[in-house]
Amino acid sequence: MTEHLKPLTDAENQAITASLAQFKARLAEAGELLAATHIDHALQCLDPENPINQQTAAKG
């Protein structure tokens with residue numbers, strides 16, 4: 001089975017990143033540190049400069 005992937009546009013990536021950063025900040029303020037940590041991980045995964053993403057791109 002072949003999956004047809006549709007990558008995020010730059011605008012979509014920026015909008016999602018901004019929203020996640022706001023959620024992370026609010027969760028941290030509320031003391032929900034585990035949830036904030038998970039969102040921080042998601043932000044790292046969306047960052048094209050993150051080495052983990054460069055490794056994945058090199059494999060593809």
# chains A, B, ... in the order shown; residues from 1 in each chain; ligands from 1
$ closest_atom_pairs --of "range 20-50 of chain A" --to "range 5-14 of chain A" --cutoff "12 Å" --atoms "only C-alpha atoms" --output "CSV"
residue,atom,partner,partner_atom,distance
A:Leu20,CA,A:Gln14,CA,9.9
A:Ala21,CA,A:Gln14,CA,10.5
A:Ala42,CA,A:Asn13,CA,11.7
A:Leu43,CA,A:Asn13,CA,10.0
A:Cys45,CA,A:Asn13,CA,11.1
A:Leu46,CA,A:Asn13,CA,7.3
A:Asp47,CA,A:Asn13,CA,8.9
A:Pro48,CA,A:Asn13,CA,10.0
$ atom_distance --atom1 "CA of Ala30 in chain A" --atom2 "CA of Asn50 in chain A"
27.5 Å
$ select_by_dssp --residues "chain A" --states "alpha helix (DSSP H)" --output "MDAnalysis selection string"
chainID A and resid 10:29 33:46 51:59
$ closest_residue --among "A:Arg26, A:Asn53, A:His4, A:Ala15" --to "Ile39 in chain A" --atoms "only C-alpha atoms"
A:Arg26
$ atom_distance --atom1 "CA of Glu49 in chain A" --atom2 "CA of Gly31 in chain A"
28.8 Å
